[in-house]
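Trainee: For reference, this is structure_13.cif, and it has mmCIF, C-alpha atoms.
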data_my_file
loop_
_atom_site.group_PDB
_atom_site.id
_atom_site.type_symbol
_atom_site.label_atom_id
_atom_site.label_comp_id
_atom_site.auth_asym_id
_atom_site.auth_seq_id
_atom_site.Cartn_x
_atom_site.Cartn_y
_atom_site.Cartn_z
ATOM 1 C CA MET A 1 94.058 29.050 214.419
ATOM 2 C CA ALA A 2 94.543 26.287 211.937
ATOM 3 C CA GLU A 3 97.484 25.225 209.826
ATOM 4 C CA THR A 4 96.880 26.011 206.165
ATOM 5 C CA GLY A 5 98.644 23.010 204.745
ATOM 6 C CA PHE A 6 101.983 24.593 203.964
ATOM 7 C CA PRO A 7 104.802 23.937 206.418
ATOM 8 C CA GLY A 8 105.339 26.916 208.710
ATOM 9 C CA THR A 9 102.260 28.922 207.730
ATOM 10 C CA TYR A 10 99.313 29.530 210.008
ATOM 11 C CA SER A 11 96.065 31.464 209.768
ATOM 12 C CA THR A 12 94.210 33.677 212.238
ATOM 13 C CA THR A 13 90.487 33.300 212.845
ATOM 14 C CA THR A 14 88.393 36.292 213.864
ATOM 15 C CA VAL A 15 84.792 35.829 215.013
ATOM 16 C CA THR A 16 82.473 38.818 215.294
ATOM 17 C CA GLN A 17 79.216 38.450 217.194
ATOM 18 C CA THR A 18 76.514 41.080 217.016
ATOM 19 C CA ALA A 19 73.583 41.274 219.406
ATOM 20 C CA THR A 20 70.749 43.742 218.848
ATOM 21 C CA THR A 21 68.730 44.717 221.898
ATOM 22 C CA VAL A 22 65.406 46.490 221.464
ATOM 23 C CA THR A 23 62.583 47.144 223.881
ATOM 24 C CA THR A 24 59.316 46.779 222.021
ATOM 25 C CA ASN A 25 56.979 48.640 224.357
ATOM 26 C CA ILE A 26 55.611 52.074 223.478
ATOM 27 C CA ARG A 27 56.758 54.731 225.955
ATOM 28 C CA PHE A 28 57.336 58.482 225.939
ATOM 29 C CA ASP A 29 61.006 59.476 226.125
ATOM 30 C CA PRO A 30 61.711 63.219 225.717
ATOM 31 C CA SER A 31 65.492 62.694 225.845
ATOM 32 C CA TYR A 32 65.511 62.175 222.041
ATOM 33 C CA ILE A 33 64.997 65.910 221.542
ATOM 34 C CA ARG A 34 68.397 66.590 223.140
ATOM 35 C CA THR A 35 70.224 64.368 220.629
ATOM 36 C CA ILE A 36 71.662 65.680 217.354
ATOM 37 C CA PRO A 37 69.032 63.914 215.176
ATOM 38 C CA GLY A 38 66.272 65.222 217.449
ATOM 39 C CA MET A 39 67.564 68.789 217.231
ATOM 40 C CA LEU A 40 67.828 68.491 213.433
ATOM 41 C CA LYS A 41 64.205 67.358 213.228
ATOM 42 C CA ILE A 42 63.042 70.269 215.406
ATOM 43 C CA ALA A 43 65.084 72.717 213.271
ATOM 44 C CA ILE A 44 63.588 71.297 210.062
ATOM 45 C CA MET A 45 60.060 71.653 211.403
ATOM 46 C CA VAL A 46 60.629 75.262 212.524
ATOM 47 C CA LEU A 47 62.256 76.261 209.216
ATOM 48 C CA ASN A 48 59.509 74.610 207.162
ATOM 49 C CA ILE A 49 56.689 76.302 209.073
ATOM 50 C CA LEU A 50 58.432 79.690 208.828
ATOM 51 C CA GLY A 51 58.856 79.276 205.062
ATOM 52 C CA PHE A 52 55.220 78.225 204.726
ATOM 53 C CA ILE A 53 54.035 81.282 206.675
ATOM 54 C CA CYS A 54 56.162 83.597 204.529
ATOM 55 C CA VAL A 55 54.662 82.267 201.302
ATOM 56 C CA MET A 56 51.115 82.303 202.648
ATOM 57 C CA VAL A 57 51.263 85.977 203.685
ATOM 58 C CA SER A 58 52.424 87.061 200.232
ATOM 59 C CA GLU A 59 49.917 88.621 197.872
ATOM 60 C CA VAL A 60 50.477 85.882 195.274
ATOM 61 C CA ASN A 61 50.200 82.777 197.428
ATOM 62 C CA TRP A 62 48.070 81.153 194.692
ATOM 63 C CA HIS A 63 50.979 81.000 192.183
ATOM 64 C CA SER A 64 52.341 77.587 191.130
ATOM 65 C CA ARG A 65 55.754 78.385 192.625
ATOM 66 C CA ALA A 66 54.097 79.171 195.937
ATOM 67 C CA ASN A 67 52.096 75.955 195.741
ATOM 68 C CA TRP A 68 55.265 73.911 195.078
ATOM 69 C CA PHE A 69 57.047 75.572 197.987
ATOM 70 C CA ASN A 70 54.050 74.991 200.264
ATOM 71 C CA PHE A 71 53.862 71.334 199.243
ATOM 72 C CA CYS A 72 57.561 70.849 200.043
ATOM 73 C CA ALA A 73 57.467 72.827 203.284
ATOM 74 C CA MET A 74 54.298 71.289 204.691
ATOM 75 C CA GLY A 75 55.069 67.796 203.412
ATOM 76 C CA GLY A 76 58.449 68.002 205.124
ATOM 77 C CA PHE A 77 56.883 69.477 208.257
ATOM 78 C CA TRP A 78 54.340 66.680 208.653
ATOM 79 C CA ILE A 79 56.614 63.779 207.673
ATOM 80 C CA THR A 80 59.355 65.028 209.995
ATOM 81 C CA GLY A 81 56.769 65.586 212.738
ATOM 82 C CA ILE A 82 55.540 62.015 212.390
ATOM 83 C CA LEU A 83 59.114 60.691 212.472
ATOM 84 C CA LEU A 84 59.821 62.818 215.573
ATOM 85 C CA ALA A 85 56.723 61.396 217.279
ATOM 86 C CA PHE A 86 57.832 57.878 216.310
ATOM 87 C CA TYR A 87 61.204 58.472 217.978
ATOM 88 C CA LEU A 88 59.720 60.138 221.048
ATOM 89 C CA PHE A 89 57.337 57.235 221.641
ATOM 90 C CA HIS A 90 59.847 54.528 220.569
ATOM 91 C CA VAL A 91 57.666 53.324 217.685
ATOM 92 C CA ILE A 92 60.883 53.113 215.630
ATOM 93 C CA GLU A 93 62.259 50.655 218.169
ATOM 94 C CA LYS A 94 59.039 48.628 218.145
ATOM 95 C CA LEU A 95 59.219 48.372 214.343
ATOM 96 C CA TYR A 96 62.922 47.429 214.384
ATOM 97 C CA PHE A 97 62.552 45.196 211.311
ATOM 98 C CA VAL A 98 62.030 48.283 209.083
ATOM 99 C CA PRO A 99 65.382 49.667 207.845
ATOM 100 C CA TRP A 100 64.668 53.115 209.337
ATOM 101 C CA ILE A 101 68.161 54.501 208.729
ATOM 102 C CA MET A 102 67.838 53.852 204.988
ATOM 103 C CA VAL A 103 64.232 55.099 204.906
ATOM 104 C CA GLU A 104 65.214 58.353 206.618
ATOM 105 C CA MET A 105 68.334 58.745 204.492
ATOM 106 C CA GLY A 106 66.218 58.464 201.334
ATOM 107 C CA TYR A 107 63.587 60.842 202.712
ATOM 108 C CA CYS A 108 66.157 63.462 203.783
ATOM 109 C CA GLY A 109 68.003 63.244 200.464
ATOM 110 C CA LEU A 110 64.791 63.560 198.462
ATOM 111 C CA TRP A 111 63.491 66.455 200.548
ATOM 112 C CA CYS A 112 66.872 68.183 200.324
ATOM 113 C CA PHE A 113 66.416 68.186 196.539
ATOM 114 C CA PHE A 114 62.764 69.248 196.831
ATOM 115 C CA MET A 115 63.661 72.193 199.060
ATOM 116 C CA LEU A 116 66.435 73.192 196.646
ATOM 117 C CA THR A 117 64.000 73.374 193.739
ATOM 118 C CA ALA A 118 61.208 75.039 195.723
ATOM 119 C CA SER A 119 63.532 77.618 197.272
ATOM 120 C CA ALA A 120 65.151 78.373 193.935
ATOM 121 C CA ALA A 121 61.716 78.859 192.372
ATOM 122 C CA CYS A 122 60.760 81.339 195.110
ATOM 123 C CA ALA A 123 64.159 83.059 195.015
ATOM 124 C CA ALA A 124 63.733 83.708 191.276
ATOM 125 C CA GLN A 125 60.776 85.953 192.102
ATOM 126 C CA GLY A 126 62.188 87.185 195.426
ATOM 127 C CA SER A 127 62.976 90.638 194.052
ATOM 128 C CA LEU A 128 59.274 91.141 193.285
ATOM 129 C CA PHE A 129 57.844 89.586 196.418
ATOM 130 C CA GLU A 130 59.780 90.081 199.653
ATOM 131 C CA ALA A 131 57.827 87.346 201.417
ATOM 132 C CA TRP A 132 59.071 84.883 198.793
ATOM 133 C CA ALA A 133 62.652 86.019 199.384
ATOM 134 C CA ALA A 134 62.237 85.284 203.089
ATOM 135 C CA ALA A 135 60.615 81.926 202.312
ATOM 136 C CA SER A 136 63.481 80.989 200.004
ATOM 137 C CA PHE A 137 65.967 81.871 202.759
ATOM 138 C CA PHE A 138 64.219 79.529 205.201
ATOM 139 C CA GLY A 139 63.928 76.935 202.447
ATOM 140 C CA PHE A 140 67.629 77.005 201.637
ATOM 141 C CA ILE A 141 68.539 76.668 205.326
ATOM 142 C CA SER A 142 66.059 73.783 205.571
ATOM 143 C CA MET A 143 67.724 72.194 202.534
ATOM 144 C CA ILE A 144 71.095 72.352 204.298
ATOM 145 C CA VAL A 145 69.674 70.787 207.464
ATOM 146 C CA TYR A 146 68.056 68.000 205.411
ATOM 147 C CA GLY A 147 71.423 67.403 203.731
ATOM 148 C CA VAL A 148 73.252 67.237 207.060
ATOM 149 C CA ASP A 149 70.664 64.793 208.400
ATOM 150 C CA ALA A 150 70.981 62.650 205.257
ATOM 151 C CA PHE A 151 74.774 62.645 205.690
ATOM 152 C CA PHE A 152 74.482 61.493 209.317
ATOM 153 C CA LYS A 153 72.024 58.778 208.275
ATOM 154 C CA PHE A 154 74.435 57.657 205.548
ATOM 155 C CA LYS A 155 77.289 57.440 208.051
ATOM 156 C CA GLY A 156 75.073 55.477 210.443
ATOM 157 C CA TRP A 157 73.990 53.117 207.690
ATOM 158 C CA ARG A 158 77.616 52.504 206.669
ATOM 159 C CA ALA A 159 78.572 51.834 210.300
ATOM 160 C CA GLY A 160 75.765 49.293 210.645
ATOM 161 C CA GLU A 161 73.851 51.276 213.255
ATOM 162 C CA ILE A 162 70.177 50.845 213.943
ATOM 163 C CA ALA A 163 67.837 53.815 214.203
ATOM 164 C CA GLN A 164 66.816 53.279 217.826
ATOM 165 C CA GLY A 165 67.823 50.678 220.364
ATOM 166 C CA GLU A 166 71.172 49.145 221.062
ATOM 167 C CA ARG A 167 73.517 47.029 218.977
ATOM 168 C CA VAL A 168 76.437 45.448 220.809
ATOM 169 C CA ARG A 169 79.379 43.982 218.959
ATOM 170 C CA SER A 170 81.985 41.719 220.437
ATOM 171 C CA VAL A 171 85.050 40.554 218.555
ATOM 172 C CA GLN A 172 86.864 37.405 219.493
ATOM 173 C CA LYS A 173 90.245 36.792 217.946
ATOM 174 C CA SER A 174 92.081 33.529 218.359
ATOM 175 C CA GLU A 175 95.629 32.979 217.262
ATOM 176 C CA THR A 176 97.842 29.952 217.524
ATOM 177 C CA VAL A 177 101.536 30.573 217.672
ATOM 178 C CA GLY A 178 103.721 27.741 216.536
ATOM 179 C CA THR A 179 107.226 27.149 215.333
ATOM 180 C CA PRO A 180 107.464 26.854 211.573
ATOM 181 C CA ALA A 181 108.749 23.555 210.203
ATOM 182 C CA TYR A 182 111.935 23.813 208.104
#
Show me the file's structure as structure tokens.

Mentor:
Amino acid sequence: MAETGFPGTYSTTTVTQTATTVTTNIRFDPSYIRTIPGMLKIAIMVLNILGFICVMVSEVNWHSRANWFNFCAMGGFWITGILLAFYLFHVIEKLYFVPWIMVEMGYCGLWCFFMLTASAACAAQGSLFEAWAAASFFGFISMIVYGVDAFFKFKGWRAGEIAQGERVRSVQKSETVGTPAY
């Protein structure tokens, strides 16, 4: 702590040190599936494939609304599947210099909006085609899961977390106590 120049006033100095530890070798680690983000990714993949199947078994699977829903469902299925594989094999940790939390937050937010529009498009015709009504149900649930995942990524980004690996913070606070001069 240093004197600020005025008699009897002192300042406190706080030093924060952050160390990021990552292991850059590729390895299979199935424990990620038991975490909340892993379960969300599995849920998204299951919901997207169920919605895709529902649209594909309908008699009008060639319609533009069906094509938009299928693009959103299968795009989300494959992107989420690739991200899940990256986490399972610690590719995310190997590529630690990529801001994965922000990338995933943007992806989940965008796909939340995509699933909203695709599910609403199918729901508008759901009274005519029951398969589309079922697809829109799975799409709306998928939209909610994408939104929850985006919210968790936002909270992690605000807290300064990294996507995979370990970040250790240590705070050192020094304070000098003195008698003020009168």

Trainee: Can you turn the PyMOL selection byres ((chain A and resi 49) around 12) into a concrete residue list for this file, as a VMD selection string?

Mentor: chain A and resid 42 to 48 50 to 56 69 to 78 80 to 81 135 138 to 139 142

Trainee: Using all atoms listed in the file, which residue out of A:Val57, A:Val98, A:Ile141, A:Met105 lies closest to Lys153 (chain A)?

Mentor: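 Nearest candidate to Lys153 (chain A) out of A:Val57, A:Val98, A:Ile141, A:Met105: A:Met105.
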
Trainee: So that all listed atoms of region 28-32 of chain A fit with 5 Å spare on each side, what axis-aligned box centre and edge lengths in Å, to one decimal, would you give as JSON?

Mentor:
{"center_x": 61.4, "center_y": 60.9, "center_z": 224.1, "size_x": 18.2, "size_y": 14.7, "size_z": 14.1}

Trainee: Quick one: which residues end up in the PyMOL selection byres ((chain A and resi 163) around 12) for this structure, as a PDB file with C-alpha atoms, in the coordinates of the input?

Mentor:
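The file below, part.pdb, is the result:
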ATOM      1  CA  THR A  20      70.749  43.742 218.848  1.00  0.00           C
ATOM      2  CA  THR A  21      68.730  44.717 221.898  1.00  0.00           C
ATOM      3  CA  VAL A  22      65.406  46.490 221.464  1.00  0.00           C
ATOM      4  CA  TYR A  32      65.511  62.175 222.041  1.00  0.00           C
ATOM      5  CA  PRO A  37      69.032  63.914 215.176  1.00  0.00           C
ATOM      6  CA  GLY A  38      66.272  65.222 217.449  1.00  0.00           C
ATOM      7  CA  LEU A  83      59.114  60.691 212.472  1.00  0.00           C
ATOM      8  CA  PHE A  86      57.832  57.878 216.310  1.00  0.00           C
ATOM      9  CA  TYR A  87      61.204  58.472 217.978  1.00  0.00           C
ATOM     10  CA  HIS A  90      59.847  54.528 220.569  1.00  0.00           C
ATOM     11  CA  VAL A  91      57.666  53.324 217.685  1.00  0.00           C
ATOM     12  CA  ILE A  92      60.883  53.113 215.630  1.00  0.00           C
ATOM     13  CA  GLU A  93      62.259  50.655 218.169  1.00  0.00           C
ATOM     14  CA  LYS A  94      59.039  48.628 218.145  1.00  0.00           C
ATOM     15  CA  LEU A  95      59.219  48.372 214.343  1.00  0.00           C
ATOM     16  CA  TYR A  96      62.922  47.429 214.384  1.00  0.00           C
ATOM     17  CA  PHE A  97      62.552  45.196 211.311  1.00  0.00           C
ATOM     18  CA  VAL A  98      62.030  48.283 209.083  1.00  0.00           C
ATOM     19  CA  PRO A  99      65.382  49.667 207.845  1.00  0.00           C
ATOM     20  CA  TRP A 100      64.668  53.115 209.337  1.00  0.00           C
ATOM     21  CA  ILE A 101      68.161  54.501 208.729  1.00  0.00           C
ATOM     22  CA  MET A 102      67.838  53.852 204.988  1.00  0.00           C
ATOM     23  CA  VAL A 103      64.232  55.099 204.906  1.00  0.00           C
ATOM     24  CA  GLU A 104      65.214  58.353 206.618  1.00  0.00           C
ATOM     25  CA  MET A 105      68.334  58.745 204.492  1.00  0.00           C
ATOM     26  CA  PHE A 152      74.482  61.493 209.317  1.00  0.00           C
ATOM     27  CA  LYS A 153      72.024  58.778 208.275  1.00  0.00           C
ATOM     28  CA  PHE A 154      74.435  57.657 205.548  1.00  0.00           C
ATOM     29  CA  LYS A 155      77.289  57.440 208.051  1.00  0.00           C
ATOM     30  CA  GLY A 156      75.073  55.477 210.443  1.00  0.00           C
ATOM     31  CA  TRP A 157      73.990  53.117 207.690  1.00  0.00           C
ATOM     32  CA  ALA A 159      78.572  51.834 210.300  1.00  0.00           C
ATOM     33  CA  GLY A 160      75.765  49.293 210.645  1.00  0.00           C
ATOM     34  CA  GLU A 161      73.851  51.276 213.255  1.00  0.00           C
ATOM     35  CA  ILE A 162      70.177  50.845 213.943  1.00  0.00           C
ATOM     36  CA  GLN A 164      66.816  53.279 217.826  1.00  0.00           C
ATOM     37  CA  GLY A 165      67.823  50.678 220.364  1.00  0.00           C
ATOM     38  CA  GLU A 166      71.172  49.145 221.062  1.00  0.00           C
ATOM     39  CA  ARG A 167      73.517  47.029 218.977  1.00  0.00           C
TER      40      ARG A 167
END

Trainee: Report, in Å with one decimal, the straight-line distance from CA of Ala118 (chain A) to CA of Asn67 (chain A).

Mentor: 9.2 Å

Trainee: For Cys122 (chain A), which residue among A:Ile26, A:Ala85, A:Val148, A:Ala66 is the nearest when counting all atoms listed in the file?

Mentor: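 The closest residue to Cys122 (chain A) is A:Ala66.
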
Trainee: Rounded to one decimal, what separation in Å do you get between CA of Trp62 (chain A) and CA of Thr117 (chain A)?

Mentor: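 CA of Trp62 (chain A) sits 17.8 Å away from CA of Thr117 (chain A).
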